[in-house]
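Q: After the structure tokens below, expect a handful of questions from me.
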Amino acid sequence: MKKIILTAFAAMTLISVSAAEPFWLGGDISGTTADEARGHYTKNAEGVVTETTQLMKDYGMNATRLRVWVDPKGGFSSPADVLEMAKRSQALGMPVMIDFHYSDWWADPGKQNPPKAWTGLDVKQTAEALADHTRKTLQLLKDNGIDVKWVQIGNETTHGFLWPMGRFEENPENYALLTKAGCEAAKEVYPEAKTIIHLDDGFNQELYDRVFDSLKANGVEWDIIGMSVYPYWAMEGNKEESEIMTLVDSIANINHLKSKYGTDVMIVETGVDARKPEEGKQFIAALVKAAQKLTDGACTGVFYWAPEIDADAAYHLGAFSEGKPTAIMEAFREAAR
């Protein structure tokens, strides 16, 4: 795989990046407090228990991504819980990305369920509730001195969100209206924060054109296009033939999006099969290098989703095994040097 990746790099034009700020390397470690409540703590490579945020910094990460649910069962990923995690990140000098799911639980391309408290609202009322939730959550963080650098309006909203009202395919105007409400609310509290609209399948240029053309036509303004890049799911779904093609097509799409819309792009989620850590390390190292060197500064960061999850868990795309980091995490440490 390494030889293939290096060959692909040689076929691209190498462009140096001169950025005014660091290239962002982060992890979405939103599940940390829930793990701790169950008595599960991360360890360093020597087996010493180490707080997860600190461990991410030790491996070269310089930012943290945290999801927000509206009224989650058990309180994990609630605004108050997010504040707890944001404080840990802030203490380590790591700015945070706040990822609004606008749901009481997981939101992704396969499910975008409205919060129970918003049941029965029309689209205008839902937009108001969404804006209010966004403002209150961010104000809580601001009042506690948290550096929120990015605000993500919805999570993997490939098919819109708050279904069926805001489903993109059936109600693109509603999807745009709700997205715009979130973006504007975020700017009210953190005017300098970058708003992000996030889709999955980062290699799929047609998808991004279709969604962002519609949002733009409906008056939505954003700062950054967020994308997920998962070679495992791309190949599992027969959407890409290999890991390297997933990488190459995603980088090509980043350059296309920057040229077309004039806004930066971030890989806000990635992950590889932790059961094959050496291969995973090669892919993440190649992805970060390509994002840094082959996009002329268009890509401003790479975030790994739930690196603290073990390889033998039901979800195999973490970066740990038996509670300790695998070689995958070394890709971030090496990139940070």
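Chain lettering (A, B, ...) mirrors the order of the structure tokens, residue numbering begins at 1 for each chain separately, and ligand numbering begins at 1 in order of display.
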Identify, on the basis of only C-alpha atoms, every residue whose closest approach to region 46-59 of chain A does not exceed 8 Å; exclude the query and any residue fewer than 4 positions from it along the same chain; express the result as a PyMOL selection string.

A: chain A and resi 26-27+29+32+41-42+64+88-89+92+308+324+329-330+332-333

Q: List the neighbours of Leu257 (chain A) out to 12 Å using only C-alpha atoms; skip same-chain residues closer than 6 positions along the sequence, and give me the result as a ChimeraX atom specification.

A: /A:202-213,224-227,250-251,263-266,295,298-299

Q: Can you list every residue in region 27-99 of chain A that DSSP puts in alpha helix (DSSP H), as a ChimeraX atom specification?

A: /A:32-37,52-58,79-91

Q: For region 272-280 of chain A, find every residue with an atom within 12 Å (counting only C-alpha atoms), except residues of its own chain fewer than 2 positions away, and show them as number ranges by chain.

A: A: 1-3, 5, 228-236, 243-244, 269-270, 282-287, 304-322, 324-332

Q: Could you pull out the strand (DSSP E or B) residues of region 45-204 of chain A, going by DSSP on the backbone, and write them as number ranges by chain?

A: A: 49, 63-68, 96-100, 108, 111, 148-153, 158, 160, 167, 194-199

Q: What does the file look like for those residues with N, CA and C atoms, as a PDB file, in the first residue's frame?

A:
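Result went into result-v8.pdb, see below:
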ATOM      1  N   VAL A  49      -2.674   4.614  32.912  1.00  0.00           N
ATOM      2  CA  VAL A  49      -3.944   5.316  32.697  1.00  0.00           C
ATOM      3  C   VAL A  49      -3.674   6.803  32.478  1.00  0.00           C
ATOM      4  N   ALA A  63      -6.323  19.976  18.590  1.00  0.00           N
ATOM      5  CA  ALA A  63      -7.708  20.440  18.647  1.00  0.00           C
ATOM      6  C   ALA A  63      -8.617  19.264  19.005  1.00  0.00           C
ATOM      7  N   THR A  64      -9.835  19.592  19.440  1.00  0.00           N
ATOM      8  CA  THR A  64     -10.788  18.574  19.866  1.00  0.00           C
ATOM      9  C   THR A  64     -12.144  18.828  19.225  1.00  0.00           C
ATOM     10  N   ARG A  65     -12.807  17.783  18.800  1.00  0.00           N
ATOM     11  CA  ARG A  65     -14.171  17.874  18.257  1.00  0.00           C
ATOM     12  C   ARG A  65     -15.139  17.227  19.244  1.00  0.00           C
ATOM     13  N   LEU A  66     -16.252  17.922  19.521  1.00  0.00           N
ATOM     14  CA  LEU A  66     -17.218  17.454  20.517  1.00  0.00           C
ATOM     15  C   LEU A  66     -18.634  17.563  19.970  1.00  0.00           C
ATOM     16  N   ARG A  67     -19.389  16.485  20.035  1.00  0.00           N
ATOM     17  CA  ARG A  67     -20.772  16.493  19.554  1.00  0.00           C
ATOM     18  C   ARG A  67     -21.710  17.002  20.642  1.00  0.00           C
ATOM     19  N   VAL A  68     -22.836  17.573  20.202  1.00  0.00           N
ATOM     20  CA  VAL A  68     -23.878  18.043  21.118  1.00  0.00           C
ATOM     21  C   VAL A  68     -25.204  17.410  20.732  1.00  0.00           C
ATOM     22  N   VAL A  96     -11.703  24.012  20.330  1.00  0.00           N
ATOM     23  CA  VAL A  96     -12.701  22.974  20.101  1.00  0.00           C
ATOM     24  C   VAL A  96     -13.575  23.266  18.890  1.00  0.00           C
ATOM     25  N   MET A  97     -14.029  22.178  18.285  1.00  0.00           N
ATOM     26  CA  MET A  97     -15.050  22.197  17.252  1.00  0.00           C
ATOM     27  C   MET A  97     -16.322  21.636  17.889  1.00  0.00           C
ATOM     28  N   ILE A  98     -17.402  22.402  17.811  1.00  0.00           N
ATOM     29  CA  ILE A  98     -18.678  21.949  18.359  1.00  0.00           C
ATOM     30  C   ILE A  98     -19.534  21.424  17.216  1.00  0.00           C
ATOM     31  N   ASP A  99     -19.934  20.165  17.342  1.00  0.00           N
ATOM     32  CA  ASP A  99     -20.670  19.448  16.302  1.00  0.00           C
ATOM     33  C   ASP A  99     -22.123  19.268  16.738  1.00  0.00           C
ATOM     34  N   PHE A 100     -22.987  20.160  16.247  1.00  0.00           N
ATOM     35  CA  PHE A 100     -24.407  20.083  16.588  1.00  0.00           C
ATOM     36  C   PHE A 100     -25.096  19.001  15.761  1.00  0.00           C
ATOM     37  N   ASP A 108     -26.788  10.943  11.399  1.00  0.00           N
ATOM     38  CA  ASP A 108     -25.855  10.618  10.317  1.00  0.00           C
ATOM     39  C   ASP A 108     -26.671  10.431   9.045  1.00  0.00           C
ATOM     40  N   LYS A 111     -29.922   8.415   9.518  1.00  0.00           N
ATOM     41  CA  LYS A 111     -30.956   8.811  10.484  1.00  0.00           C
ATOM     42  C   LYS A 111     -30.715  10.243  10.928  1.00  0.00           C
ATOM     43  N   VAL A 148     -14.109  28.368  21.167  1.00  0.00           N
ATOM     44  CA  VAL A 148     -14.789  27.610  20.107  1.00  0.00           C
ATOM     45  C   VAL A 148     -14.323  28.174  18.769  1.00  0.00           C
ATOM     46  N   LYS A 149     -13.562  27.404  18.060  1.00  0.00           N
ATOM     47  CA  LYS A 149     -12.977  27.866  16.802  1.00  0.00           C
ATOM     48  C   LYS A 149     -13.840  27.507  15.600  1.00  0.00           C
ATOM     49  N   TRP A 150     -14.602  26.398  15.730  1.00  0.00           N
ATOM     50  CA  TRP A 150     -15.447  25.943  14.632  1.00  0.00           C
ATOM     51  C   TRP A 150     -16.799  25.489  15.180  1.00  0.00           C
ATOM     52  N   VAL A 151     -17.848  25.730  14.407  1.00  0.00           N
ATOM     53  CA  VAL A 151     -19.198  25.276  14.783  1.00  0.00           C
ATOM     54  C   VAL A 151     -19.792  24.539  13.598  1.00  0.00           C
ATOM     55  N   GLN A 152     -20.080  23.277  13.829  1.00  0.00           N
ATOM     56  CA  GLN A 152     -20.626  22.434  12.768  1.00  0.00           C
ATOM     57  C   GLN A 152     -22.147  22.426  12.868  1.00  0.00           C
ATOM     58  N   ILE A 153     -22.820  22.814  11.785  1.00  0.00           N
ATOM     59  CA  ILE A 153     -24.274  22.917  11.762  1.00  0.00           C
ATOM     60  C   ILE A 153     -24.847  21.639  11.166  1.00  0.00           C
ATOM     61  N   THR A 158     -25.785  14.852   4.605  1.00  0.00           N
ATOM     62  CA  THR A 158     -25.794  14.456   3.201  1.00  0.00           C
ATOM     63  C   THR A 158     -27.208  14.470   2.626  1.00  0.00           C
ATOM     64  N   GLY A 160     -29.720  16.061   4.285  1.00  0.00           N
ATOM     65  CA  GLY A 160     -30.393  17.032   5.132  1.00  0.00           C
ATOM     66  C   GLY A 160     -30.440  16.560   6.574  1.00  0.00           C
ATOM     67  N   ARG A 167     -35.407  17.073   5.145  1.00  0.00           N
ATOM     68  CA  ARG A 167     -34.729  16.115   4.267  1.00  0.00           C
ATOM     69  C   ARG A 167     -34.398  16.794   2.943  1.00  0.00           C
ATOM     70  N   LYS A 194     -15.627  29.654  12.751  1.00  0.00           N
ATOM     71  CA  LYS A 194     -15.907  29.212  11.393  1.00  0.00           C
ATOM     72  C   LYS A 194     -17.072  28.225  11.395  1.00  0.00           C
ATOM     73  N   THR A 195     -18.077  28.510  10.588  1.00  0.00           N
ATOM     74  CA  THR A 195     -19.204  27.584  10.469  1.00  0.00           C
ATOM     75  C   THR A 195     -18.874  26.502   9.444  1.00  0.00           C
ATOM     76  N   ILE A 196     -19.292  25.277   9.767  1.00  0.00           N
ATOM     77  CA  ILE A 196     -18.992  24.113   8.939  1.00  0.00           C
ATOM     78  C   ILE A 196     -20.292  23.408   8.558  1.00  0.00           C
ATOM     79  N   ILE A 197     -20.421  23.044   7.296  1.00  0.00           N
ATOM     80  CA  ILE A 197     -21.496  22.173   6.834  1.00  0.00           C
ATOM     81  C   ILE A 197     -20.838  20.878   6.383  1.00  0.00           C
ATOM     82  N   HIS A 198     -21.308  19.750   6.926  1.00  0.00           N
ATOM     83  CA  HIS A 198     -20.574  18.487   6.876  1.00  0.00           C
ATOM     84  C   HIS A 198     -21.376  17.405   6.151  1.00  0.00           C
ATOM     85  N   LEU A 199     -20.753  16.801   5.138  1.00  0.00           N
ATOM     86  CA  LEU A 199     -21.328  15.661   4.425  1.00  0.00           C
ATOM     87  C   LEU A 199     -20.392  14.459   4.565  1.00  0.00           C
TER      88      LEU A 199
END

Q: Between A:Val70, A:Ala107, A:Leu178, A:Leu25, single out the one closest to Met94 (chain A), counting only C-alpha atoms.

A: A:Leu25

Q: At what distance in Å, to one decimal, does CA of Gly262 (chain A) lie from CA of Lys216 (chain A)?

A: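 Value for the CA of Lys216 (chain A)-CA of Gly262 (chain A) distance: 12.0 Å.
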
Q: Using CA of Ala127 (chain A) and CA of Leu177 (chain A) as the two end points, give the distance in Å to one decimal.

A: 7.2 Å
